[in-house]
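For reference, the structure discussed in these notes is given below.
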Amino acid sequence: AAARDGAAPAAAEPATLEVLRDAGRALRDAALLDLDTHLERLERAVTEAGGTVHWAVDAADARRIVTGLVRATGAREVLRAPSATVREAGLPDALARAGVTVRATGLGDLVVRLGEDAPSHLASPALHRDRAQVRELFLRALPGAPPDLPDDPAALAGAARAHLRDRFTGARVALTGATFLAADTGTAVLAESGGEGRMCVTLPDTLITVAGIDKVVPSWTDVEVLLQLLPRASTGDRMTPYVSAWTGVHRGDGPRAFHLVLLDNGRTAALADEVGRAALRCIRCSACLNVCPVYERTGGGPYGPVYPGPVGAMLTPQLRGVESAANASLPFASTLCGACTDVCPVRIDIPEVLVHLRGAVVESRRARPVPTPELVLMRGLAWTMGDARRYRLAVRRGTRWARLLSRGGRVRRLPGLLGKWTEARDVPAPPARSFRDWWERR
């Protein structure tokens with residue numbers, strides 16, 4: 001509710017906002033249609049600026065690359081700025097298995113790590129905890145937290161800042177994501193609210209940035225448009241508190257080594273889908289989460305560990321495939337009310353993408369050597385309803401059985417797979433005579 005109320009300032013500028021939304025959609029589509037060209041330009045620009053570009057086909061490739069880069073520095077500790085792409089690649093766990101301590105620097109990520117939770121929101125990972133819970137967590141698990149720590153937000157942020165300060169000043173390696181990548185200059189851009197990302201991109205000796213290939217935009221001037229859209233859609237503000245931009249390395253200023261890891265991990269396959277590619281327009285503003293009635297009821301947990309809400313429902317199945325049961329259920333986790341499309345800053349028709357993915361889920365099940373019980377049932381129904389005689393016979397027999405199962409004019413429990421339907425609702429008992437019989441007799 002607070003996030004929805006925060007959008008009021010942006011809504012007060014409807015003309016400007018609508019122009020920005022049209023521009024944002026156009027430039028994101030243009031970037032995706034010529035993505036190969038822009039990626040090659042980006043690689044050249046980053047290399048010319050003294051950085052190194054690494055290409056990761058999938059998450060396992062990204063883990064191998066980043067782990068190798070960290071080991072080459074000899075560091076045993078890595079600072080991590082908040083990044084959904086870093087989580088998507090599974091880098092924190094991979095580095096921990098390699099014996100490297102990963103320090104989460106964002107306040108929300110710190111709360112999630114101390115509480116051993118999963119992030120519940122793109123912009124506010126610890127949205128599922130109130131300030132009293134955060135205070136209790138800090139007192140129990142945050143080293144150096146004062147015993148008289150109040151639950152005032154400023155005091156909690158101060159305790160986290162004091163805990164992280166020494167880590168920042170002594171860090172040798174930092175791991176970040178990128179909000180956008182400008183292909184013409186090779187510039188990585190990070191928009192954030194807390195400033196921890198800026199500390200990560202300026203203080204360590206080695207900076208490793210992991211970004212999806214969909215984060216590329218053709219030019220620096222395109223970033224200007226998106227940086228106006230992002231805060232308006234996310235929090236209703238006209239500006240993001242912290243916007244950091246870095247291009248390669250500069251002697252005597254910032255990190256001495258910069259590595260950019262460009263992650264595919266299913267994005268190329270999504271790009272080949274004429275309908276599904278619209279999901280790659282997403283700028284991760286979280287506006288769709290703030291208005292989604294399903295997310296409001298369920299929270300971020302059921303969507304998986306990375307992308308919650310409508311963006312996760314349309315993006316995760318494309319990145320990970322619709323074959324697994326967990327991913328296949330996500331496109332159906334929507335009422336298709338369209339509220340997400342109304343607020344999307346780059347005008348993604350999310351219900352259209354979700355309906356398209358539902359069709360992909362059904363088609364993937366058809367190819368299984370052993371069909372699912374649901375598919376067997378549907379095929380049986382299709383065969384029955386394909387012939388008038390079979391249909392009438394099935395209706396007569398089904399009516400007879402349903403009336404035998406009914407009590408007080410209601411069927412409260414159907415057998416087999418149909419019992420899933422009656423777990424939450426009753427079925428009215430069918431009449432003794434069907435409409436067709438009544439019509440023929442009249």
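Going through the structure tokens in order, the chains are called A, B, and so on, while each chain numbers its residues from 1 and the ligands are numbered from 1 in the order shown.
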
Please extract the residues of stretch 163-350 of chain A with a backbone DSSP assignment of strand (DSSP E or B) and present them as a PDB file with all heavy atoms, in the first residue's frame.
ATOM      1  N   VAL A 173      37.876  -6.679  -3.277  1.00  0.00           N
ATOM      2  CA  VAL A 173      37.069  -7.084  -4.428  1.00  0.00           C
ATOM      3  C   VAL A 173      35.611  -6.771  -4.137  1.00  0.00           C
ATOM      4  O   VAL A 173      35.134  -6.983  -3.010  1.00  0.00           O
ATOM      5  CB  VAL A 173      37.228  -8.595  -4.735  1.00  0.00           C
ATOM      6  CG1 VAL A 173      36.397  -8.985  -5.956  1.00  0.00           C
ATOM      7  CG2 VAL A 173      38.683  -8.946  -4.951  1.00  0.00           C
ATOM      8  N   ALA A 174      34.907  -6.278  -5.143  1.00  0.00           N
ATOM      9  CA  ALA A 174      33.474  -6.019  -5.015  1.00  0.00           C
ATOM     10  C   ALA A 174      32.745  -6.629  -6.201  1.00  0.00           C
ATOM     11  O   ALA A 174      33.272  -6.684  -7.322  1.00  0.00           O
ATOM     12  CB  ALA A 174      33.191  -4.521  -4.936  1.00  0.00           C
ATOM     13  N   LEU A 175      31.528  -7.073  -5.946  1.00  0.00           N
ATOM     14  CA  LEU A 175      30.679  -7.709  -6.955  1.00  0.00           C
ATOM     15  C   LEU A 175      29.383  -6.912  -7.049  1.00  0.00           C
ATOM     16  O   LEU A 175      28.694  -6.721  -6.050  1.00  0.00           O
ATOM     17  CB  LEU A 175      30.396  -9.154  -6.549  1.00  0.00           C
ATOM     18  CG  LEU A 175      29.555 -10.026  -7.468  1.00  0.00           C
ATOM     19  CD1 LEU A 175      30.223 -10.199  -8.821  1.00  0.00           C
ATOM     20  CD2 LEU A 175      29.306 -11.391  -6.812  1.00  0.00           C
ATOM     21  N   THR A 176      29.054  -6.429  -8.237  1.00  0.00           N
ATOM     22  CA  THR A 176      27.846  -5.619  -8.420  1.00  0.00           C
ATOM     23  C   THR A 176      27.070  -6.103  -9.639  1.00  0.00           C
ATOM     24  O   THR A 176      27.565  -6.891 -10.446  1.00  0.00           O
ATOM     25  CB  THR A 176      28.187  -4.126  -8.632  1.00  0.00           C
ATOM     26  OG1 THR A 176      28.657  -3.934  -9.981  1.00  0.00           O
ATOM     27  CG2 THR A 176      29.226  -3.633  -7.652  1.00  0.00           C
ATOM     28  N   PHE A 180      21.806  -0.428 -16.135  1.00  0.00           N
ATOM     29  CA  PHE A 180      21.875  -0.267 -17.585  1.00  0.00           C
ATOM     30  C   PHE A 180      23.334  -0.314 -18.016  1.00  0.00           C
ATOM     31  O   PHE A 180      24.249  -0.049 -17.236  1.00  0.00           O
ATOM     32  CB  PHE A 180      21.249   1.064 -18.036  1.00  0.00           C
ATOM     33  CG  PHE A 180      19.845   1.277 -17.549  1.00  0.00           C
ATOM     34  CD1 PHE A 180      19.558   2.260 -16.616  1.00  0.00           C
ATOM     35  CD2 PHE A 180      18.811   0.495 -18.034  1.00  0.00           C
ATOM     36  CE1 PHE A 180      18.273   2.457 -16.160  1.00  0.00           C
ATOM     37  CE2 PHE A 180      17.518   0.674 -17.578  1.00  0.00           C
ATOM     38  CZ  PHE A 180      17.243   1.659 -16.635  1.00  0.00           C
ATOM     39  N   LEU A 181      23.543  -0.623 -19.299  1.00  0.00           N
ATOM     40  CA  LEU A 181      24.863  -0.603 -19.913  1.00  0.00           C
ATOM     41  C   LEU A 181      24.766   0.194 -21.206  1.00  0.00           C
ATOM     42  O   LEU A 181      23.983  -0.162 -22.100  1.00  0.00           O
ATOM     43  CB  LEU A 181      25.345  -2.027 -20.218  1.00  0.00           C
ATOM     44  CG  LEU A 181      25.511  -2.987 -19.034  1.00  0.00           C
ATOM     45  CD1 LEU A 181      25.685  -4.421 -19.535  1.00  0.00           C
ATOM     46  CD2 LEU A 181      26.705  -2.579 -18.179  1.00  0.00           C
ATOM     47  N   ALA A 182      25.533   1.253 -21.312  1.00  0.00           N
ATOM     48  CA  ALA A 182      25.526   2.101 -22.518  1.00  0.00           C
ATOM     49  C   ALA A 182      26.546   1.558 -23.501  1.00  0.00           C
ATOM     50  O   ALA A 182      27.749   1.541 -23.226  1.00  0.00           O
ATOM     51  CB  ALA A 182      25.825   3.538 -22.150  1.00  0.00           C
ATOM     52  N   THR A 187      29.773   2.308 -20.647  1.00  0.00           N
ATOM     53  CA  THR A 187      29.499   2.733 -19.274  1.00  0.00           C
ATOM     54  C   THR A 187      28.484   1.821 -18.605  1.00  0.00           C
ATOM     55  O   THR A 187      27.444   1.504 -19.182  1.00  0.00           O
ATOM     56  CB  THR A 187      28.971   4.181 -19.264  1.00  0.00           C
ATOM     57  OG1 THR A 187      29.916   5.027 -19.901  1.00  0.00           O
ATOM     58  CG2 THR A 187      28.728   4.659 -17.843  1.00  0.00           C
ATOM     59  N   ALA A 188      28.791   1.406 -17.387  1.00  0.00           N
ATOM     60  CA  ALA A 188      27.840   0.673 -16.551  1.00  0.00           C
ATOM     61  C   ALA A 188      27.189   1.651 -15.583  1.00  0.00           C
ATOM     62  O   ALA A 188      27.874   2.507 -15.016  1.00  0.00           O
ATOM     63  CB  ALA A 188      28.550  -0.443 -15.782  1.00  0.00           C
ATOM     64  N   VAL A 189      25.893   1.529 -15.407  1.00  0.00           N
ATOM     65  CA  VAL A 189      25.123   2.449 -14.570  1.00  0.00           C
ATOM     66  C   VAL A 189      24.415   1.649 -13.492  1.00  0.00           C
ATOM     67  O   VAL A 189      23.818   0.601 -13.770  1.00  0.00           O
ATOM     68  CB  VAL A 189      24.097   3.239 -15.408  1.00  0.00           C
ATOM     69  CG1 VAL A 189      23.286   4.185 -14.514  1.00  0.00           C
ATOM     70  CG2 VAL A 189      24.787   4.012 -16.519  1.00  0.00           C
ATOM     71  N   LEU A 190      24.492   2.137 -12.274  1.00  0.00           N
ATOM     72  CA  LEU A 190      23.833   1.480 -11.143  1.00  0.00           C
ATOM     73  C   LEU A 190      22.986   2.496 -10.402  1.00  0.00           C
ATOM     74  O   LEU A 190      23.503   3.493  -9.888  1.00  0.00           O
ATOM     75  CB  LEU A 190      24.872   0.876 -10.199  1.00  0.00           C
ATOM     76  CG  LEU A 190      24.339   0.118  -8.974  1.00  0.00           C
ATOM     77  CD1 LEU A 190      23.521  -1.091  -9.414  1.00  0.00           C
ATOM     78  CD2 LEU A 190      25.477  -0.323  -8.068  1.00  0.00           C
ATOM     79  N   ALA A 191      21.681   2.272 -10.377  1.00  0.00           N
ATOM     80  CA  ALA A 191      20.753   3.145  -9.648  1.00  0.00           C
ATOM     81  C   ALA A 191      20.366   2.458  -8.345  1.00  0.00           C
ATOM     82  O   ALA A 191      20.020   1.269  -8.340  1.00  0.00           O
ATOM     83  CB  ALA A 191      19.509   3.420 -10.491  1.00  0.00           C
ATOM     84  N   GLU A 192      20.401   3.195  -7.246  1.00  0.00           N
ATOM     85  CA  GLU A 192      20.147   2.597  -5.931  1.00  0.00           C
ATOM     86  C   GLU A 192      19.651   3.672  -4.971  1.00  0.00           C
ATOM     87  O   GLU A 192      19.702   4.871  -5.262  1.00  0.00           O
ATOM     88  CB  GLU A 192      21.436   1.976  -5.396  1.00  0.00           C
ATOM     89  CG  GLU A 192      22.589   2.950  -5.426  1.00  0.00           C
ATOM     90  CD  GLU A 192      23.812   2.460  -4.700  1.00  0.00           C
ATOM     91  OE1 GLU A 192      23.664   1.583  -3.835  1.00  0.00           O
ATOM     92  OE2 GLU A 192      24.900   2.984  -4.971  1.00  0.00           O
ATOM     93  N   THR A 206      39.495  -4.356  -7.169  1.00  0.00           N
ATOM     94  CA  THR A 206      38.942  -5.088  -8.312  1.00  0.00           C
ATOM     95  C   THR A 206      37.421  -5.013  -8.273  1.00  0.00           C
ATOM     96  O   THR A 206      36.810  -5.307  -7.239  1.00  0.00           O
ATOM     97  CB  THR A 206      39.383  -6.565  -8.294  1.00  0.00           C
ATOM     98  OG1 THR A 206      40.811  -6.623  -8.340  1.00  0.00           O
ATOM     99  CG2 THR A 206      38.810  -7.320  -9.479  1.00  0.00           C
ATOM    100  N   LEU A 207      36.837  -4.637  -9.386  1.00  0.00           N
ATOM    101  CA  LEU A 207      35.374  -4.533  -9.495  1.00  0.00           C
ATOM    102  C   LEU A 207      34.896  -5.520 -10.549  1.00  0.00           C
ATOM    103  O   LEU A 207      35.352  -5.495 -11.698  1.00  0.00           O
ATOM    104  CB  LEU A 207      34.963  -3.113  -9.881  1.00  0.00           C
ATOM    105  CG  LEU A 207      33.477  -2.884 -10.171  1.00  0.00           C
ATOM    106  CD1 LEU A 207      32.625  -3.200  -8.947  1.00  0.00           C
ATOM    107  CD2 LEU A 207      33.226  -1.454 -10.638  1.00  0.00           C
ATOM    108  N   ILE A 208      33.966  -6.389 -10.137  1.00  0.00           N
ATOM    109  CA  ILE A 208      33.362  -7.371 -11.056  1.00  0.00           C
ATOM    110  C   ILE A 208      31.881  -7.037 -11.169  1.00  0.00           C
ATOM    111  O   ILE A 208      31.157  -7.041 -10.165  1.00  0.00           O
ATOM    112  CB  ILE A 208      33.545  -8.804 -10.541  1.00  0.00           C
ATOM    113  CG1 ILE A 208      35.029  -9.117 -10.320  1.00  0.00           C
ATOM    114  CG2 ILE A 208      32.923  -9.801 -11.507  1.00  0.00           C
ATOM    115  CD1 ILE A 208      35.276 -10.440  -9.621  1.00  0.00           C
ATOM    116  N   THR A 209      31.438  -6.730 -12.371  1.00  0.00           N
ATOM    117  CA  THR A 209      30.036  -6.398 -12.617  1.00  0.00           C
ATOM    118  C   THR A 209      29.406  -7.502 -13.449  1.00  0.00           C
ATOM    119  O   THR A 209      29.924  -7.858 -14.518  1.00  0.00           O
ATOM    120  CB  THR A 209      29.908  -5.060 -13.360  1.00  0.00           C
ATOM    121  OG1 THR A 209      30.419  -4.018 -12.527  1.00  0.00           O
ATOM    122  CG2 THR A 209      28.462  -4.760 -13.696  1.00  0.00           C
ATOM    123  N   VAL A 210      28.308  -8.061 -12.957  1.00  0.00           N
ATOM    124  CA  VAL A 210      27.576  -9.118 -13.661  1.00  0.00           C
ATOM    125  C   VAL A 210      26.238  -8.535 -14.117  1.00  0.00           C
ATOM    126  O   VAL A 210      25.466  -8.038 -13.294  1.00  0.00           O
ATOM    127  CB  VAL A 210      27.350 -10.341 -12.758  1.00  0.00           C
ATOM    128  CG1 VAL A 210      26.626 -11.441 -13.521  1.00  0.00           C
ATOM    129  CG2 VAL A 210      28.671 -10.865 -12.218  1.00  0.00           C
ATOM    130  N   ALA A 211      25.994  -8.580 -15.420  1.00  0.00           N
ATOM    131  CA  ALA A 211      24.771  -7.979 -15.962  1.00  0.00           C
ATOM    132  C   ALA A 211      24.213  -8.856 -17.065  1.00  0.00           C
ATOM    133  O   ALA A 211      24.960  -9.467 -17.839  1.00  0.00           O
ATOM    134  CB  ALA A 211      25.061  -6.582 -16.502  1.00  0.00           C
ATOM    135  N   GLY A 212      22.903  -8.934 -17.139  1.00  0.00           N
ATOM    136  CA  GLY A 212      22.251  -9.642 -18.230  1.00  0.00           C
ATOM    137  C   GLY A 212      22.460  -8.899 -19.539  1.00  0.00           C
ATOM    138  O   GLY A 212      22.554  -7.664 -19.565  1.00  0.00           O
ATOM    139  N   VAL A 216      21.612  -3.852 -21.974  1.00  0.00           N
ATOM    140  CA  VAL A 216      22.309  -2.960 -22.896  1.00  0.00           C
ATOM    141  C   VAL A 216      21.321  -2.014 -23.586  1.00  0.00           C
ATOM    142  O   VAL A 216      20.242  -2.431 -24.020  1.00  0.00           O
ATOM    143  CB  VAL A 216      23.077  -3.780 -23.958  1.00  0.00           C
ATOM    144  CG1 VAL A 216      23.759  -2.866 -24.958  1.00  0.00           C
ATOM    145  CG2 VAL A 216      24.100  -4.677 -23.284  1.00  0.00           C
ATOM    146  N   VAL A 217      21.700  -0.748 -23.666  1.00  0.00           N
ATOM    147  CA  VAL A 217      20.973   0.243 -24.462  1.00  0.00           C
ATOM    148  C   VAL A 217      21.971   0.864 -25.442  1.00  0.00           C
ATOM    149  O   VAL A 217      23.180   0.879 -25.182  1.00  0.00           O
ATOM    150  CB  VAL A 217      20.321   1.330 -23.592  1.00  0.00           C
ATOM    151  CG1 VAL A 217      19.237   0.724 -22.711  1.00  0.00           C
ATOM    152  CG2 VAL A 217      21.358   2.039 -22.733  1.00  0.00           C
ATOM    153  N   TYR A 242      20.863   7.673  -5.561  1.00  0.00           N
ATOM    154  CA  TYR A 242      22.245   7.437  -5.968  1.00  0.00           C
ATOM    155  C   TYR A 242      22.254   6.836  -7.372  1.00  0.00           C
ATOM    156  O   TYR A 242      21.628   5.803  -7.614  1.00  0.00           O
ATOM    157  CB  TYR A 242      22.960   6.465  -5.023  1.00  0.00           C
ATOM    158  CG  TYR A 242      23.197   7.004  -3.638  1.00  0.00           C
ATOM    159  CD1 TYR A 242      22.229   6.868  -2.645  1.00  0.00           C
ATOM    160  CD2 TYR A 242      24.390   7.640  -3.305  1.00  0.00           C
ATOM    161  CE1 TYR A 242      22.431   7.355  -1.372  1.00  0.00           C
ATOM    162  CE2 TYR A 242      24.611   8.128  -2.029  1.00  0.00           C
ATOM    163  CZ  TYR A 242      23.629   7.979  -1.067  1.00  0.00           C
ATOM    164  OH  TYR A 242      23.842   8.457   0.192  1.00  0.00           O
ATOM    165  N   VAL A 243      22.965   7.473  -8.280  1.00  0.00           N
ATOM    166  CA  VAL A 243      23.204   6.926  -9.608  1.00  0.00           C
ATOM    167  C   VAL A 243      24.711   6.924  -9.837  1.00  0.00           C
ATOM    168  O   VAL A 243      25.329   7.994  -9.910  1.00  0.00           O
ATOM    169  CB  VAL A 243      22.498   7.726 -10.710  1.00  0.00           C
ATOM    170  CG1 VAL A 243      22.833   7.143 -12.085  1.00  0.00           C
ATOM    171  CG2 VAL A 243      20.987   7.728 -10.503  1.00  0.00           C
ATOM    172  N   SER A 244      25.300   5.750  -9.911  1.00  0.00           N
ATOM    173  CA  SER A 244      26.738   5.624 -10.138  1.00  0.00           C
ATOM    174  C   SER A 244      26.975   5.143 -11.561  1.00  0.00           C
ATOM    175  O   SER A 244      26.269   4.262 -12.053  1.00  0.00           O
ATOM    176  CB  SER A 244      27.355   4.630  -9.147  1.00  0.00           C
ATOM    177  OG  SER A 244      27.116   5.033  -7.808  1.00  0.00           O
ATOM    178  N   ALA A 245      27.973   5.726 -12.219  1.00  0.00           N
ATOM    179  CA  ALA A 245      28.330   5.333 -13.580  1.00  0.00           C
ATOM    180  C   ALA A 245      29.844   5.199 -13.665  1.00  0.00           C
ATOM    181  O   ALA A 245      30.576   6.072 -13.182  1.00  0.00           O
ATOM    182  CB  ALA A 245      27.821   6.367 -14.583  1.00  0.00           C
ATOM    183  N   TRP A 246      30.328   4.122 -14.252  1.00  0.00           N
ATOM    184  CA  TRP A 246      31.766   3.921 -14.386  1.00  0.00           C
ATOM    185  C   TRP A 246      32.080   3.328 -15.748  1.00  0.00           C
ATOM    186  O   TRP A 246      31.323   2.547 -16.299  1.00  0.00           O
ATOM    187  CB  TRP A 246      32.310   3.028 -13.264  1.00  0.00           C
ATOM    188  CG  TRP A 246      31.738   1.649 -13.185  1.00  0.00           C
ATOM    189  CD1 TRP A 246      32.290   0.502 -13.652  1.00  0.00           C
ATOM    190  CD2 TRP A 246      30.480   1.270 -12.586  1.00  0.00           C
ATOM    191  NE1 TRP A 246      31.471  -0.570 -13.385  1.00  0.00           N
ATOM    192  CE2 TRP A 246      30.361  -0.125 -12.735  1.00  0.00           C
ATOM    193  CE3 TRP A 246      29.448   1.975 -11.953  1.00  0.00           C
ATOM    194  CZ2 TRP A 246      29.251  -0.827 -12.281  1.00  0.00           C
ATOM    195  CZ3 TRP A 246      28.351   1.274 -11.494  1.00  0.00           C
ATOM    196  CH2 TRP A 246      28.256  -0.111 -11.648  1.00  0.00           C
ATOM    197  N   HIS A 250      40.531   3.980 -14.443  1.00  0.00           N
ATOM    198  CA  HIS A 250      41.231   5.261 -14.538  1.00  0.00           C
ATOM    199  C   HIS A 250      42.332   5.278 -13.484  1.00  0.00           C
ATOM    200  O   HIS A 250      42.079   5.006 -12.303  1.00  0.00           O
ATOM    201  CB  HIS A 250      40.260   6.422 -14.318  1.00  0.00           C
ATOM    202  CG  HIS A 250      39.118   6.436 -15.295  1.00  0.00           C
ATOM    203  ND1 HIS A 250      39.195   7.047 -16.512  1.00  0.00           N
ATOM    204  CD2 HIS A 250      37.877   5.876 -15.220  1.00  0.00           C
ATOM    205  CE1 HIS A 250      38.044   6.878 -17.163  1.00  0.00           C
ATOM    206  NE2 HIS A 250      37.231   6.177 -16.392  1.00  0.00           N
ATOM    207  N   ASP A 253      42.084   6.608  -9.684  1.00  0.00           N
ATOM    208  CA  ASP A 253      40.690   6.895  -9.346  1.00  0.00           C
ATOM    209  C   ASP A 253      39.864   5.628  -9.498  1.00  0.00           C
ATOM    210  O   ASP A 253      39.672   5.127 -10.612  1.00  0.00           O
ATOM    211  CB  ASP A 253      40.139   7.997 -10.256  1.00  0.00           C
ATOM    212  CG  ASP A 253      38.705   8.374  -9.890  1.00  0.00           C
ATOM    213  OD1 ASP A 253      38.266   8.030  -8.778  1.00  0.00           O
ATOM    214  OD2 ASP A 253      38.029   9.007 -10.715  1.00  0.00           O
ATOM    215  N   ALA A 257      41.186  -2.674 -11.582  1.00  0.00           N
ATOM    216  CA  ALA A 257      40.793  -3.696 -12.555  1.00  0.00           C
ATOM    217  C   ALA A 257      39.264  -3.758 -12.605  1.00  0.00           C
ATOM    218  O   ALA A 257      38.598  -3.779 -11.559  1.00  0.00           O
ATOM    219  CB  ALA A 257      41.372  -5.061 -12.183  1.00  0.00           C
ATOM    220  N   PHE A 258      38.730  -3.787 -13.821  1.00  0.00           N
ATOM    221  CA  PHE A 258      37.281  -3.852 -14.001  1.00  0.00           C
ATOM    222  C   PHE A 258      36.952  -5.009 -14.942  1.00  0.00           C
ATOM    223  O   PHE A 258      37.491  -5.112 -16.047  1.00  0.00           O
ATOM    224  CB  PHE A 258      36.740  -2.543 -14.576  1.00  0.00           C
ATOM    225  CG  PHE A 258      35.299  -2.628 -15.018  1.00  0.00           C
ATOM    226  CD1 PHE A 258      34.308  -3.042 -14.135  1.00  0.00           C
ATOM    227  CD2 PHE A 258      34.934  -2.314 -16.321  1.00  0.00           C
ATOM    228  CE1 PHE A 258      32.983  -3.138 -14.538  1.00  0.00           C
ATOM    229  CE2 PHE A 258      33.610  -2.384 -16.732  1.00  0.00           C
ATOM    230  CZ  PHE A 258      32.636  -2.804 -15.836  1.00  0.00           C
ATOM    231  N   HIS A 259      36.062  -5.897 -14.478  1.00  0.00           N
ATOM    232  CA  HIS A 259      35.619  -7.043 -15.268  1.00  0.00           C
ATOM    233  C   HIS A 259      34.104  -6.964 -15.431  1.00  0.00           C
ATOM    234  O   HIS A 259      33.372  -6.833 -14.445  1.00  0.00           O
ATOM    235  CB  HIS A 259      35.996  -8.355 -14.582  1.00  0.00           C
ATOM    236  CG  HIS A 259      37.468  -8.548 -14.423  1.00  0.00           C
ATOM    237  ND1 HIS A 259      38.248  -9.155 -15.375  1.00  0.00           N
ATOM    238  CD2 HIS A 259      38.311  -8.204 -13.404  1.00  0.00           C
ATOM    239  CE1 HIS A 259      39.499  -9.182 -14.965  1.00  0.00           C
ATOM    240  NE2 HIS A 259      39.568  -8.618 -13.771  1.00  0.00           N
ATOM    241  N   LEU A 260      33.644  -7.060 -16.666  1.00  0.00           N
ATOM    242  CA  LEU A 260      32.213  -7.068 -16.965  1.00  0.00           C
ATOM    243  C   LEU A 260      31.838  -8.458 -17.467  1.00  0.00           C
ATOM    244  O   LEU A 260      32.357  -8.928 -18.496  1.00  0.00           O
ATOM    245  CB  LEU A 260      31.879  -6.020 -18.031  1.00  0.00           C
ATOM    246  CG  LEU A 260      30.428  -6.005 -18.532  1.00  0.00           C
ATOM    247  CD1 LEU A 260      29.453  -5.712 -17.391  1.00  0.00           C
ATOM    248  CD2 LEU A 260      30.263  -4.993 -19.660  1.00  0.00           C
ATOM    249  N   VAL A 261      30.957  -9.131 -16.729  1.00  0.00           N
ATOM    250  CA  VAL A 261      30.486 -10.467 -17.103  1.00  0.00           C
ATOM    251  C   VAL A 261      29.083 -10.310 -17.686  1.00  0.00           C
ATOM    252  O   VAL A 261      28.144  -9.919 -16.983  1.00  0.00           O
ATOM    253  CB  VAL A 261      30.464 -11.416 -15.887  1.00  0.00           C
ATOM    254  CG1 VAL A 261      29.982 -12.802 -16.301  1.00  0.00           C
ATOM    255  CG2 VAL A 261      31.842 -11.495 -15.241  1.00  0.00           C
ATOM    256  N   LEU A 262      28.949 -10.608 -18.968  1.00  0.00           N
ATOM    257  CA  LEU A 262      27.660 -10.494 -19.658  1.00  0.00           C
ATOM    258  C   LEU A 262      26.984 -11.854 -19.661  1.00  0.00           C
ATOM    259  O   LEU A 262      27.510 -12.825 -20.227  1.00  0.00           O
ATOM    260  CB  LEU A 262      27.870  -9.985 -21.085  1.00  0.00           C
ATOM    261  CG  LEU A 262      28.386  -8.542 -21.190  1.00  0.00           C
ATOM    262  CD1 LEU A 262      28.753  -8.209 -22.630  1.00  0.00           C
ATOM    263  CD2 LEU A 262      27.340  -7.562 -20.664  1.00  0.00           C
ATOM    264  N   LEU A 263      25.827 -11.916 -19.035  1.00  0.00           N
ATOM    265  CA  LEU A 263      25.122 -13.180 -18.791  1.00  0.00           C
ATOM    266  C   LEU A 263      23.960 -13.353 -19.757  1.00  0.00           C
ATOM    267  O   LEU A 263      23.105 -12.473 -19.888  1.00  0.00           O
ATOM    268  CB  LEU A 263      24.612 -13.214 -17.344  1.00  0.00           C
ATOM    269  CG  LEU A 263      23.790 -14.427 -16.919  1.00  0.00           C
ATOM    270  CD1 LEU A 263      24.634 -15.700 -16.944  1.00  0.00           C
ATOM    271  CD2 LEU A 263      23.202 -14.197 -15.522  1.00  0.00           C
TER     272      LEU A 263
END

Legend entry - Within 7 Å of stretch 152-157 of chain A using only C-alpha atoms, minus same-chain residues under 3 positions, as a PyMOL selection string: chain A and resi 131+135+160-161

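Ranking A:Pro431, A:Pro305, A:Pro146, A:Gly197 by their shortest atom-to-atom distance to A:Thr179, with only C-alpha atoms included, puts A:Gly197 first.
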
Legend entry - Test item: residues at most 8 Å from A:Ala118, only C-alpha atoms, excluding those fewer than 4 positions along its chain, as number ranges by chain: A: 112, 125, 301, 305

Preceding selection exported with C-alpha atoms as a compact mmCIF listing (two decimals), in the first residue's frame:
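Printed below is again-v7.txt as written:
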# COMPACT_ATOMS: atom_id res chain seq x y z
CA VAL A 112 17.68 -11.14 4.49
CA PRO A 125 14.26 -7.36 -0.36
CA GLY A 301 8.32 -16.66 -1.78
CA PRO A 305 14.46 -16.86 -5.08

Inset, instruction - From a DSSP pass on the backbone, collect the residues of stretch 87-125 of chain A flagged as alpha helix (DSSP H) and hand them back as a list of chain:residue names. - result: A:Arg87, A:Glu88, A:Leu91, A:Pro92, A:Asp93, A:Ala94, A:Leu95, A:Ala96, A:Arg97, A:Leu107, A:Gly108, A:Asp109, A:Leu110, A:Val111, A:Val112, A:Arg113, A:Leu114

Legend entry - Between atom CA of A:Ala26 and atom CA of A:Gly309, distance in Å (one decimal):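 Separating atom CA of A:Ala26 from atom CA of A:Gly309 is a distance of 24.1 Å.
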
Inset, instruction - Would you kindly return, as a list in words, each protein, DNA or RNA residue with an atom no farther than 6 Å from any atom of A:Gly248, considering only C-alpha atoms and excluding same-chain residues fewer than 6 positions away? - result: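 Here the answer would be Val46, Ala49, Gly50 and Gly51 of chain A.
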
Inset, instruction - Determine the nearest neighbour of A:Gly236 from the options A:Val223, A:Gly300, A:Val343, A:Leu149, counting only C-alpha atoms. - result: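 Nearest candidate to A:Gly236 out of A:Val223, A:Gly300, A:Val343, A:Leu149: A:Val343.
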
Legend entry - Gap from atom CA of A:Arg425 to atom CA of A:Leu405 - Å, one decimal: 14.7 Å

Inset, instruction - Using only C-alpha atoms, find the one residue out of A:Val78, A:Ala233, A:Met378, A:Val306 that sits nearest to A:Thr101. - result: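 Closest to A:Thr101, using only C-alpha atoms: A:Val78.
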
Inset, instruction - For atom CA of A:Val225 and atom CA of A:Leu17, quote the distance in Å rounded to one decimal. - result: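 If I compute the distance from atom CA of A:Val225 to atom CA of A:Leu17, I get 10.7 Å.
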
Inset, instruction - Mind checking which residues fall within 10 Å of A:Ala31, counting only C-alpha atoms, ignoring those fewer than 3 positions away in the same chain, and posting them as a list in words? - result: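 Surrounding residues, per the criterion: Arg25, Ala26, Leu27, Arg28, Asp34, Leu35, Asp36, Thr37, His38, Leu39, Ala183, Asp214, Lys215, Val216, Val217, Pro218, Ser219, Asp222 and Arg281 of chain A.
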